[in-house]
Every structure is written in structure tokens, then in C-alpha cells.
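query15.txt, holding compact mmCIF, C-alpha atoms and all ligand atoms:
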# COMPACT_ATOMS: atom_id res chain seq x y z
CA MET E 1 -21.88 17.07 -9.94
CA GLU E 2 -19.93 17.62 -13.17
CA LYS E 3 -17.16 20.16 -13.58
CA GLU E 4 -14.51 21.06 -16.12
CA ILE E 5 -11.52 20.35 -13.91
CA ALA E 6 -8.52 18.62 -15.48
CA CYS E 7 -7.37 15.23 -14.21
CA LYS E 8 -3.87 15.61 -12.69
CA ILE E 9 -2.80 12.31 -14.27
CA CYS E 10 -4.11 12.27 -17.84
CA GLY E 11 -5.22 15.89 -18.32
CA ASN E 12 -8.77 15.01 -19.34
CA SER E 13 -11.33 17.67 -18.33
CA GLN E 14 -14.44 16.31 -20.06
CA ASN E 15 -17.29 14.68 -18.16
CA ASN E 16 -15.36 14.37 -14.89
CA ARG E 17 -17.44 13.92 -11.76
CA VAL E 18 -16.94 15.61 -8.41
CA HIS E 19 -17.70 13.79 -5.13
CA ILE E 20 -17.90 15.19 -1.61
CA ALA E 21 -15.97 12.93 0.77
CA LYS E 22 -15.80 13.24 4.55
CA GLU E 23 -12.91 12.50 6.88
CA ARG E 24 -14.13 9.33 8.56
CA LEU E 25 -11.12 7.51 10.02
CA LEU E 26 -10.84 9.91 12.96
CA ASN E 27 -14.50 11.00 12.83
CA MET E 28 -13.58 14.63 12.08
CA LYS E 29 -16.19 14.83 9.30
CA ASP E 30 -14.40 17.67 7.43
CA GLU E 31 -15.46 17.63 3.77
CA PHE E 32 -13.20 17.37 0.70
CA LEU E 33 -13.89 17.42 -3.01
CA TYR E 34 -12.61 14.51 -5.09
CA LEU E 35 -12.50 14.42 -8.88
CA GLU E 36 -13.31 11.16 -10.68
CA CYS E 37 -11.72 11.25 -14.13
CA SER E 38 -13.96 9.93 -16.92
CA ASN E 39 -10.91 8.89 -18.95
CA CYS E 40 -8.43 7.14 -16.59
CA TYR E 41 -10.91 6.79 -13.66
CA CYS E 42 -8.28 8.04 -11.19
CA LEU E 43 -9.95 9.55 -8.11
CA GLN E 44 -8.07 12.54 -6.73
CA ILE E 45 -8.47 15.24 -4.16
CA ILE E 46 -9.04 18.54 -5.98
CA GLU E 47 -7.25 20.69 -3.45
CA THR E 48 -4.69 19.23 -1.06
CA PRO E 49 -5.29 20.78 2.40
CA ALA E 50 -2.57 23.31 3.30
CA ASP E 51 -2.01 21.62 6.65
CA LEU E 52 -2.36 17.87 6.20
CA SER E 53 -0.51 17.17 9.44
CA LYS E 54 -3.63 17.66 11.57
CA TYR E 55 -5.05 14.64 9.77
CA TYR E 56 -1.99 12.60 10.77
CA PRO E 57 -1.99 12.58 14.56
CA SER E 58 1.00 10.79 16.08
CA ALA E 59 -1.27 7.87 16.90
CA TYR E 60 -1.68 7.25 13.16
CA TYR E 61 -1.25 3.54 12.72
CA SER E 62 2.11 3.29 10.94
CA PHE E 63 3.85 5.30 13.64
CA GLN E 64 2.21 3.83 16.70
CA LYS E 65 5.44 2.39 18.03
CA PRO E 66 8.76 1.20 16.71
CA VAL E 67 9.07 -2.52 17.13
CA PHE E 68 12.81 -2.71 17.70
CA GLY E 69 14.85 -4.13 20.48
CA LEU E 70 13.44 -7.64 20.52
CA LYS E 71 16.24 -10.18 20.37
CA LEU E 72 15.52 -12.99 17.96
CA ASN E 73 16.48 -16.50 19.00
CA PRO E 74 19.04 -17.79 16.38
CA PHE E 75 17.05 -21.00 15.98
CA VAL E 76 13.84 -19.05 15.21
CA TYR E 77 15.83 -16.89 12.76
CA LEU E 78 16.98 -19.98 10.83
CA LEU E 79 13.45 -21.39 10.76
CA LYS E 80 12.07 -18.10 9.44
CA LYS E 81 14.73 -17.94 6.76
CA SER E 82 14.03 -21.56 5.77
CA LEU E 83 10.31 -20.85 5.59
CA LEU E 84 10.89 -17.92 3.27
CA ARG E 85 13.35 -19.89 1.12
CA HIS E 86 10.64 -22.48 0.64
CA TYR E 87 8.04 -19.86 -0.33
CA LEU E 88 10.55 -18.30 -2.73
CA LYS E 89 10.61 -21.71 -4.45
CA LYS E 90 14.11 -22.68 -3.33
CA PHE E 91 14.78 -26.24 -2.22
CA ASP E 92 14.50 -26.22 1.57
CA PRO E 93 13.05 -29.33 3.28
CA ILE E 94 12.93 -27.65 6.72
CA GLY E 95 11.10 -24.65 5.21
CA ALA E 96 8.66 -27.02 3.50
CA LEU E 97 7.91 -28.62 6.86
CA VAL E 98 7.44 -25.27 8.66
CA ALA E 99 5.19 -24.15 5.78
CA LEU E 100 2.69 -26.83 6.81
CA PHE E 101 2.03 -24.70 9.89
CA LEU E 102 2.85 -21.14 8.89
CA PRO E 103 1.61 -19.07 5.92
CA HIS E 104 3.82 -16.92 3.68
CA PRO E 105 4.95 -13.97 5.84
CA PHE E 106 4.98 -11.60 2.82
CA GLN E 107 2.15 -12.39 0.41
CA TRP E 108 3.41 -9.81 -2.08
CA MET E 109 6.88 -11.39 -2.30
CA ARG E 110 6.68 -13.42 -5.48
CA PRO E 111 9.37 -16.03 -6.24
CA GLY E 112 12.20 -14.38 -8.20
CA LEU E 113 11.29 -10.87 -7.02
CA VAL E 114 14.06 -10.40 -4.48
CA GLU E 115 17.14 -12.18 -3.08
CA PHE E 116 18.41 -12.17 0.51
CA ASN E 117 21.47 -10.02 -0.35
CA ASP E 118 19.64 -7.49 -2.54
CA ALA E 119 19.77 -3.79 -1.71
CA ILE E 120 16.17 -3.01 -0.76
CA LEU E 121 14.50 0.35 -0.24
CA ASP E 122 11.09 0.80 1.43
CA ILE E 123 9.65 4.25 0.64
CA GLY E 124 7.14 5.55 3.21
CA CYS E 125 8.14 2.83 5.66
CA GLY E 126 6.46 4.31 8.78
CA SER E 127 8.14 2.80 11.82
CA GLY E 128 9.76 0.14 9.63
CA ARG E 129 7.53 -2.79 10.50
CA ILE E 130 7.96 -4.51 7.13
CA ILE E 131 11.73 -4.16 6.78
CA GLN E 132 12.33 -5.24 10.35
CA SER E 133 10.26 -8.30 9.69
CA MET E 134 12.28 -8.89 6.49
CA GLN E 135 15.53 -8.55 8.43
CA ARG E 136 14.27 -11.19 10.83
CA SER E 137 13.65 -13.48 7.86
CA GLY E 138 17.21 -13.21 6.52
CA PHE E 139 17.42 -10.05 4.38
CA LYS E 140 20.73 -8.26 4.82
CA ASN E 141 20.60 -4.85 3.13
CA LEU E 142 17.48 -2.91 4.06
CA THR E 143 16.75 0.80 4.00
CA GLY E 144 13.46 2.41 4.96
CA ILE E 145 12.68 6.10 4.54
CA ASP E 146 9.80 8.22 5.75
CA PRO E 147 9.75 12.03 5.92
CA PHE E 148 7.11 11.95 8.67
CA LEU E 149 9.33 10.16 11.21
CA GLU E 150 10.37 12.31 14.17
CA LYS E 151 14.00 11.20 13.73
CA ASP E 152 16.11 8.35 12.31
CA LEU E 153 15.08 5.15 14.08
CA GLN E 154 17.95 2.89 13.17
CA ASN E 155 21.20 3.18 11.27
CA SER E 156 23.23 -0.02 11.36
CA ALA E 157 24.95 -2.14 8.74
CA GLY E 158 22.01 -4.35 7.83
CA MET E 159 19.13 -1.95 8.31
CA LYS E 160 18.58 1.79 8.17
CA ILE E 161 15.33 3.57 9.00
CA LEU E 162 15.79 7.21 8.11
CA LYS E 163 13.77 10.40 8.28
CA LYS E 164 14.13 11.18 4.59
CA ASP E 165 12.17 12.14 1.53
CA VAL E 166 12.56 10.11 -1.67
CA PHE E 167 14.12 13.17 -3.36
CA GLU E 168 17.00 13.10 -0.83
CA MET E 169 18.02 9.60 -1.93
CA SER E 170 20.84 8.86 -4.36
CA ASP E 171 21.95 5.21 -4.10
CA GLN E 172 20.60 2.55 -6.45
CA TYR E 173 18.65 -0.48 -5.35
CA ASP E 174 17.80 -3.96 -6.62
CA PHE E 175 14.31 -3.69 -5.22
CA VAL E 176 12.25 -0.64 -4.27
CA MET E 177 8.87 -1.04 -2.61
CA ILE E 178 6.11 1.39 -1.69
CA HIS E 179 3.50 -0.18 0.57
CA HIS E 180 0.35 1.89 0.82
CA ALA E 181 2.21 5.20 0.74
CA PHE E 182 2.04 6.21 -2.95
CA GLU E 183 -1.61 7.27 -2.55
CA HIS E 184 -0.48 9.79 0.10
CA MET E 185 1.98 11.55 -2.22
CA ASP E 186 0.88 14.73 -3.96
CA GLN E 187 3.28 14.49 -6.94
CA PRO E 188 2.99 10.90 -8.15
CA GLU E 189 4.53 11.62 -11.55
CA LYS E 190 7.59 13.32 -10.06
CA VAL E 191 7.98 10.59 -7.42
CA LEU E 192 7.87 7.80 -10.00
CA GLY E 193 10.44 9.61 -12.16
CA LYS E 194 12.75 9.80 -9.13
CA VAL E 195 12.12 6.17 -8.15
CA LYS E 196 13.13 5.11 -11.65
CA ASP E 197 16.55 6.72 -11.06
CA LEU E 198 16.91 4.76 -7.79
CA LEU E 199 16.58 1.42 -9.60
CA LYS E 200 19.58 -0.57 -10.80
CA PRO E 201 19.29 -1.56 -14.49
CA LYS E 202 17.63 -4.87 -13.56
CA GLY E 203 15.92 -3.42 -10.49
CA LYS E 204 12.30 -4.07 -9.66
CA LEU E 205 9.64 -1.85 -8.18
CA LEU E 206 6.57 -2.88 -6.20
CA ILE E 207 3.75 -0.39 -5.59
CA ARG E 208 0.91 -1.53 -3.34
CA ILE E 209 -2.07 0.81 -3.38
CA PRO E 210 -5.84 0.91 -3.08
CA VAL E 211 -7.45 1.01 -6.52
CA ALA E 212 -10.40 3.12 -7.62
CA ASN E 213 -12.97 1.93 -10.10
CA SER E 214 -13.08 -1.32 -8.12
CA HIS E 215 -16.16 -3.10 -6.83
CA ALA E 216 -15.86 -1.52 -3.36
CA TRP E 217 -15.68 2.03 -4.81
CA ARG E 218 -18.71 1.38 -7.05
CA LYS E 219 -20.65 -0.11 -4.13
CA TYR E 220 -19.75 2.33 -1.34
CA ARG E 221 -18.65 5.52 -3.17
CA THR E 222 -17.62 8.13 -0.59
CA HIS E 223 -18.15 5.61 2.23
CA TRP E 224 -15.47 3.41 0.68
CA PHE E 225 -12.95 2.77 3.45
CA ALA E 226 -9.87 3.08 1.23
CA LEU E 227 -10.87 6.52 -0.09
CA ASP E 228 -9.63 7.77 3.29
CA ALA E 229 -10.13 11.51 2.69
CA PRO E 230 -8.08 13.65 2.90
CA ARG E 231 -4.97 11.48 3.49
CA HIS E 232 -5.32 9.60 0.21
CA LEU E 233 -4.66 12.20 -2.46
CA PHE E 234 -4.82 9.83 -5.43
CA LEU E 235 -6.77 6.60 -5.77
CA HIS E 236 -5.24 5.13 -8.90
CA THR E 237 -6.49 2.63 -11.44
CA THR E 238 -4.59 0.28 -13.75
CA HIS E 239 -5.10 2.93 -16.44
CA SER E 240 -3.63 5.81 -14.41
CA ILE E 241 -0.67 3.69 -13.20
CA GLN E 242 -0.03 2.68 -16.81
CA LEU E 243 0.07 6.36 -17.85
CA LEU E 244 2.45 7.26 -15.00
CA ALA E 245 4.68 4.26 -15.76
CA ASP E 246 4.88 5.24 -19.45
CA LYS E 247 5.89 8.79 -18.54
CA ALA E 248 8.58 7.54 -16.11
CA GLY E 249 10.03 4.99 -18.54
CA LEU E 250 8.79 2.00 -16.55
CA LYS E 251 6.72 -0.98 -17.57
CA ILE E 252 4.13 -2.94 -15.61
CA ASP E 253 5.21 -6.60 -15.48
CA ARG E 254 2.32 -7.89 -13.44
CA ILE E 255 -0.65 -6.86 -11.29
CA ASP E 256 -1.90 -8.96 -8.35
CA TYR E 257 -4.99 -8.00 -6.36
CA ASP E 258 -4.69 -8.36 -2.59
CA SER E 259 -7.87 -6.84 -1.16
CA SER E 260 -9.34 -8.28 2.03
CA TYR E 261 -12.54 -8.43 4.11
CA VAL E 262 -11.65 -4.91 5.33
CA GLN E 263 -13.08 -3.32 2.15
CA PHE E 264 -16.52 -4.58 3.25
CA ALA E 265 -16.32 -4.60 7.05
CA SER E 266 -14.85 -1.07 7.36
CA SER E 267 -16.96 0.46 4.57
CA GLU E 268 -20.13 -1.02 6.10
CA LYS E 269 -19.16 0.67 9.38
CA TYR E 270 -18.64 4.00 7.59
CA LEU E 271 -22.10 3.60 6.02
CA ARG E 272 -23.49 3.33 9.56
CA ASN E 273 -21.44 6.40 10.61
CA PHE E 274 -18.96 4.60 12.85
CA PRO E 275 -15.34 5.88 12.85
CA TYR E 276 -12.55 3.44 12.08
CA SER E 277 -11.60 0.77 14.55
CA GLY E 278 -10.39 -2.77 14.20
CA ASP E 279 -13.44 -3.95 16.16
CA PHE E 280 -15.74 -5.87 13.85
CA SER E 281 -17.78 -7.57 16.56
CA MET E 282 -20.97 -6.03 15.11
CA PHE E 283 -20.72 -8.58 12.28
CA SER E 284 -21.51 -12.26 12.73
CA ARG E 285 -18.88 -14.87 12.06
CA GLU E 286 -20.88 -15.84 8.97
CA GLN E 287 -20.84 -12.26 7.65
CA MET E 288 -17.09 -11.97 8.20
CA LYS E 289 -16.54 -15.25 6.40
CA ASN E 290 -18.60 -13.97 3.47
CA PHE E 291 -16.61 -10.71 3.36
CA SER E 292 -13.39 -12.73 3.05
CA LYS E 293 -14.90 -15.06 0.45
CA GLU E 294 -16.12 -12.13 -1.64
CA ALA E 295 -12.69 -10.41 -1.38
CA LYS E 296 -11.01 -13.57 -2.65
CA ARG E 297 -13.43 -13.79 -5.57
CA LEU E 298 -12.88 -10.12 -6.48
CA ASN E 299 -9.10 -10.55 -6.33
CA GLU E 300 -9.34 -13.46 -8.75
CA ILE E 301 -11.30 -11.44 -11.31
CA GLY E 302 -9.11 -8.32 -10.87
CA ASP E 303 -11.78 -6.26 -9.10
CA GLY E 304 -10.49 -6.14 -5.50
CA ASP E 305 -9.89 -2.69 -3.99
CA CYS E 306 -6.14 -3.15 -3.39
CA ALA E 307 -3.43 -4.23 -5.78
CA CYS E 308 0.30 -4.94 -6.11
CA PHE E 309 1.85 -3.39 -9.24
CA TYR E 310 5.18 -4.98 -10.22
CA LEU E 311 7.25 -2.71 -12.46
CA SER E 312 10.70 -2.60 -14.02
CA LEU E 313 12.68 -0.40 -16.37
CA ARG E 314 11.60 -0.29 -20.02
ZN ZN U 401 -7.50 10.98 -15.87
Hey, can you dump this file as C-alpha cells for me?
Amino acid sequence: MEKEIACKICGNSQNNRVHIAKERLLNMKDEFLYLECSNCYCLQIIETPADLSKYYPSAYYSFQKPVFGLKLNPFVYLLKKSLLRHYLKKFDPIGALVALFLPHPFQWMRPGLVEFNDAILDIGCGSGRIIQSMQRSGFKNLTGIDPFLEKDLQNSAGMKILKKDVFEMSDQYDFVMIHHAFEHMDQPEKVLGKVKDLLKPKGKLLIRIPVANSHAWRKYRTHWFALDAPRHLFLHTTHSIQLLADKAGLKIDRIDYDSSYVQFASSEKYLRNFPYSGDFSMFSREQMKNFSKEAKRLNEIGDGDCACFYLSLR
């Protein structure tokens, strides 16, 4: 289907394609039209449903349950902090030893990206799983915000988890991160402009999102797991993020691809008309191994279906 509808990112209205995508995660099967821009390749829902909340039941994964209240043994805390120091390329013999047994707890946390005392903001934090985990690894100044929380979950010196929209924020941060939330926002340009104001002059921004025009989109089209209609309003590409960054006065410093076996296992299930579940027992161990191997290969050539965009001020 071709239609003259303008792309909400770059404005192009020539040769854009329209796809019919079904709600598959919850097996509701409602249909939504998505535009695929022929210029920036951004995939976007044409009309955002008036009531999106019915597609976010309270059992939606990021809000399943807050994970607070567990007391961390001080010895375990020190080991975790040592492990992270080692992965952040600081000299830490104990961390080096622990690293023989434990992987990097935050694969997206590149050396030099963030320091333990930095003011950190997580936008769209859900129940705060990531920042709590960061607190337990030694970070001291963490704020998470999510407008879809029922109420504030935590407000203490080292960590705040607040029911707030990005536009209600005014402090400035050394590091702002948006983990798989940017694709849910219906005004990406406005959000990025606001996020820019929340960054200190040397502040850094990380946006982790699914990316369109990737192998998994080309292979599975509307059965692509990460399309996730209608919750994902924009499936960006490097081109569309570049355009948004330019408009906001930001620059892209680096892009890392971090897709996983899920792009294959979950999309294959959608192709067979199964709703989402973490149960992949229908695939053999060999198949699962191949899914992971293929994801790794795609990440290396920049064609995985999820990426980490590292940005800073121009
Ligand atoms: Zn476009």
C-alpha cells in the first residue's frame, strides 16, 4: 500500500509504504496502520490510539512488581562495586577476580560513560529495576521517572523513583538514559529537546531502542516482535535519530547494537500466531543457539534490531 502521508520525523511524503500491524503481545489482534518512510526509514504509527492505556494492563512487564526492600549484605555490595570498577576499566584486582565468574551487569555501560557519584536520570524507568540495580553496584545519585507509575515508589537521598513526566523535570544531570521507552513516546522531537536541557554541559545521553530497517524487520515485517503495535509509536533508524539529534542540538558519539535471540525466537512465535511469553521450549537447544549466534553476527555488522545511541551536546 502506498499513500501520501508525511513522515513525522523528516516530513517526506513520497513513496511511503503503509503496513497493517496487529497487537500481538497480549493477543488482542486489534489492527493499526504504520507508515514506513522511504527517506529516513522510520516506522511510525499513523494514528496514536486515543486510549492507549488499555494496551498497558498493570501486568505489563516493567511494572510487574517493585523490587525494593531487599537488604544487601555489605560484603556483596563491595564485591559488586569492585566488579563494576573492573568493567569500567579501573584498577581493581578483586573486581578482576570476580569478573572471571560474573559478566558485566550493565552491557550498555561503556568505560568513561558514567562515574559512581554522577547525577543520573532514568526516563521511563518503570518500577526502577535498572537504577535499583545500579544503586546496589555503588551509584549514589539516582533518579528514575515514569508517568505511568501509580505513585512515587521511593524518595530517599541516594535514589528517587517518581511518578513524573520528563517535562516536569528541571534539574541537570551528568548522565540521562532512556531504556526502551523512547519508542513509546508520541513527541520524540519535543522530548529530545527537553532532554537536552536536562544535560549538564558535559552530560551524556544514552537512548536504547529497537531499530527499524534492520534484518529482523526485513525478515518478519509486521510479525517482527519489536514492532509491538500499538505501544511502539516510532521505530527509529540511525537516519531518523540523526535528524532528531540535529534538531535538538545533540550529536551521536557512538552506536552499539545489542539485539538478542529474542528478535528471532519471539518473531517466529508471532509468525505461528502465538502471543508473547518467555517460554521458548518449542525451539530446540540447537535452534536457540543459532538465534543467539545470528544476533551476535548482526550486532557486529550493525544490523541487529536493537541499538544503544550515545549522544552529547554539540
Ligand atoms: Zn522520514
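Environment of (-11.6, 13.7, 5.2): residues at most 8 Å away, judged by only C-alpha atoms, are Ala21, Lys22, Glu23, Arg24, Leu25, Met28, Lys29, Asp30, Glu31, Phe32, Asp228, Ala229, Pro230 and Arg231 of chain E.
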(message) Neighbouring residues of ligand ZN 401 (chain U) are defined here as those with any atom at most 7 Å from a ligand atom, counting all atoms listed in the file; list them as a list in words.
(response) Cys7, Lys8, Ile9, Cys10, Gly11, Asn12, Cys37, Ser38, Asn39, Cys40, Tyr41, Cys42 and Ser240 of chain E
As a check of understanding: the span from CA of Gly249 (chain E) to CA of Leu192 (chain E) is 9.2 Å
Write out as JSON lines the residues of region 186-261 of chain E that have any atom within 12 Å of an atom of region 116-122 of chain E, one row each with the nearest atom pair and its distance in Å to one decimal, counting only C-alpha atoms, sorted by chain and then rising number.
{"residue": "E:Val195", "atom": "CA", "partner": "E:Leu121", "partner_atom": "CA", "distance": 10.1}
{"residue": "E:Leu198", "atom": "CA", "partner": "E:Leu121", "partner_atom": "CA", "distance": 9.1}
{"residue": "E:Leu199", "atom": "CA", "partner": "E:Leu121", "partner_atom": "CA", "distance": 9.6}
{"residue": "E:Lys200", "atom": "CA", "partner": "E:Ala119", "partner_atom": "CA", "distance": 9.6}
{"residue": "E:Lys202", "atom": "CA", "partner": "E:Asp118", "partner_atom": "CA", "distance": 11.5}
{"residue": "E:Gly203", "atom": "CA", "partner": "E:Ala119", "partner_atom": "CA", "distance": 9.6}
{"residue": "E:Lys204", "atom": "CA", "partner": "E:Ile120", "partner_atom": "CA", "distance": 9.8}
{"residue": "E:Leu205", "atom": "CA", "partner": "E:Leu121", "partner_atom": "CA", "distance": 9.6}
{"residue": "E:Leu206", "atom": "CA", "partner": "E:Asp122", "partner_atom": "CA", "distance": 9.6}
{"residue": "E:Ile207", "atom": "CA", "partner": "E:Asp122", "partner_atom": "CA", "distance": 10.2}
{"residue": "E:Arg208", "atom": "CA", "partner": "E:Asp122", "partner_atom": "CA", "distance": 11.5}
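The nearest approach to Asn213 (chain E) among the residues E:Ser82, E:Thr238, E:Asn27, E:Thr143, with only C-alpha atoms taken into account, belongs to E:Thr238.
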Shortest contact to Asp152 (chain E), candidates E:Cys125, E:Met177, E:Val262, E:Ala6, atoms counted all atoms listed in the file, goes to E:Cys125
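Proximity to Leu33 (chain E) was assessed for E:Asp253, E:Glu47, E:Glu150, E:Asp258 counting only C-alpha atoms; the smallest distance is recorded for E:Glu47.
Considering only C-alpha atoms, the residue among E:Lys140, E:Lys219, E:Lys194, E:Arg85 positioned nearest to Asp171 (chain E) is E:Lys194.
Here CA of Ala181 (chain E) and CA of Gly126 (chain E) stand 9.1 Å from one another.
The two atoms in question, CA of Lys247 (chain E) and CA of Arg314 (chain E), are spaced 10.8 Å apart.
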Asn73 (chain E) proximity check over E:Ser137, E:Thr48, E:Val166, E:Ile5, using all atoms listed in the file: winner is E:Ser137
Saved region 18-52 of chain E from the preceding structure, N, CA and C atoms, as a CSV table (one decimal), in the first residue's frame:
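The resulting file, decode07.csv, is reproduced below:
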chain,number,residue,atom,x,y,z
E,18,VAL,N,2.5,1.8,3.6
E,18,VAL,CA,1.7,1.6,4.8
E,18,VAL,C,1.5,0.1,5.1
E,19,HIS,N,1.8,-0.2,6.4
E,19,HIS,CA,1.6,-1.6,6.8
E,19,HIS,C,0.5,-1.8,7.8
E,20,ILE,N,-0.2,-2.9,7.8
E,20,ILE,CA,-1.2,-3.2,8.8
E,20,ILE,C,-0.6,-4.1,9.8
E,21,ALA,N,-0.5,-3.6,11.1
E,21,ALA,CA,0.2,-4.4,12.1
E,21,ALA,C,-0.9,-4.7,13.2
E,22,LYS,N,-0.8,-6.0,13.7
E,22,LYS,CA,-1.7,-6.4,14.8
E,22,LYS,C,-1.1,-6.3,16.1
E,23,GLU,N,-2.0,-6.1,17.1
E,23,GLU,CA,-1.5,-6.2,18.5
E,23,GLU,C,-1.3,-7.7,18.8
E,24,ARG,N,-0.1,-8.1,19.1
E,24,ARG,CA,0.2,-9.5,19.3
E,24,ARG,C,0.7,-9.9,20.7
E,25,LEU,N,1.3,-8.9,21.4
E,25,LEU,CA,1.8,-9.2,22.7
E,25,LEU,C,0.8,-9.8,23.7
E,26,LEU,N,-0.4,-9.2,23.6
E,26,LEU,CA,-1.5,-9.7,24.5
E,26,LEU,C,-2.6,-10.4,23.8
E,27,ASN,N,-2.3,-10.7,22.5
E,27,ASN,CA,-3.2,-11.5,21.6
E,27,ASN,C,-4.5,-10.8,21.4
E,28,MET,N,-4.5,-9.4,21.4
E,28,MET,CA,-5.8,-8.7,21.2
E,28,MET,C,-6.2,-8.6,19.7
E,29,LYS,N,-5.2,-8.6,18.9
E,29,LYS,CA,-5.3,-8.7,17.4
E,29,LYS,C,-6.0,-7.4,16.8
E,30,ASP,N,-6.1,-6.3,17.6
E,30,ASP,CA,-6.6,-5.1,17.0
E,30,ASP,C,-5.5,-4.7,15.9
E,31,GLU,N,-6.0,-4.0,14.9
E,31,GLU,CA,-5.1,-3.6,13.8
E,31,GLU,C,-4.8,-2.1,13.8
E,32,PHE,N,-3.6,-1.8,13.4
E,32,PHE,CA,-3.0,-0.5,13.4
E,32,PHE,C,-2.3,-0.2,12.1
E,33,LEU,N,-2.4,1.0,11.6
E,33,LEU,CA,-1.6,1.3,10.4
E,33,LEU,C,-0.3,2.0,10.8
E,34,TYR,N,0.8,1.5,10.2
E,34,TYR,CA,2.1,2.0,10.4
E,34,TYR,C,2.7,2.5,9.0
E,35,LEU,N,3.3,3.7,9.1
E,35,LEU,CA,3.9,4.3,7.9
E,35,LEU,C,5.4,3.9,7.9
E,36,GLU,N,5.9,3.5,6.8
E,36,GLU,CA,7.4,3.3,6.6
E,36,GLU,C,7.9,4.3,5.7
E,37,CYS,N,8.7,5.3,6.2
E,37,CYS,CA,9.2,6.4,5.4
E,37,CYS,C,10.2,5.9,4.4
E,38,SER,N,10.1,6.4,3.2
E,38,SER,CA,11.1,6.0,2.1
E,38,SER,C,12.3,6.8,2.2
E,39,ASN,N,12.3,7.8,3.0
E,39,ASN,CA,13.5,8.7,3.1
E,39,ASN,C,14.4,8.3,4.4
E,40,CYS,N,13.8,8.4,5.6
E,40,CYS,CA,14.6,8.1,6.8
E,40,CYS,C,14.3,6.7,7.3
E,41,TYR,N,13.4,5.9,6.7
E,41,TYR,CA,13.0,4.6,7.0
E,41,TYR,C,12.4,4.4,8.4
E,42,CYS,N,12.1,5.5,9.1
E,42,CYS,CA,11.4,5.4,10.4
E,42,CYS,C,10.1,4.8,10.2
E,43,LEU,N,9.7,3.8,11.0
E,43,LEU,CA,8.4,3.2,11.0
E,43,LEU,C,7.6,3.9,12.1
E,44,GLN,N,6.3,4.3,11.8
E,44,GLN,CA,5.6,5.0,12.8
E,44,GLN,C,4.1,4.7,12.7
E,45,ILE,N,3.5,4.7,13.9
E,45,ILE,CA,2.0,4.5,13.9
E,45,ILE,C,1.4,5.8,13.3
E,46,ILE,N,0.4,5.6,12.4
E,46,ILE,CA,-0.2,6.8,11.7
E,46,ILE,C,-1.1,7.5,12.6
E,47,GLU,N,-1.9,6.8,13.4
E,47,GLU,CA,-2.8,7.5,14.4
E,47,GLU,C,-2.6,6.8,15.7
E,48,THR,N,-2.1,7.6,16.7
E,48,THR,CA,-2.0,7.0,18.0
E,48,THR,C,-3.4,6.8,18.6
E,49,PRO,N,-3.7,5.6,19.1
E,49,PRO,CA,-5.0,5.3,19.7
E,49,PRO,C,-5.3,6.3,20.8
E,50,ALA,N,-6.6,6.8,20.9
E,50,ALA,CA,-7.0,7.8,21.9
E,50,ALA,C,-6.7,7.2,23.3
E,51,ASP,N,-7.1,6.0,23.5
E,51,ASP,CA,-6.9,5.4,24.8
E,51,ASP,C,-5.8,4.2,24.7
E,52,LEU,N,-4.6,4.6,24.9
E,52,LEU,CA,-3.5,3.6,24.8
E,52,LEU,C,-3.5,2.8,26.1
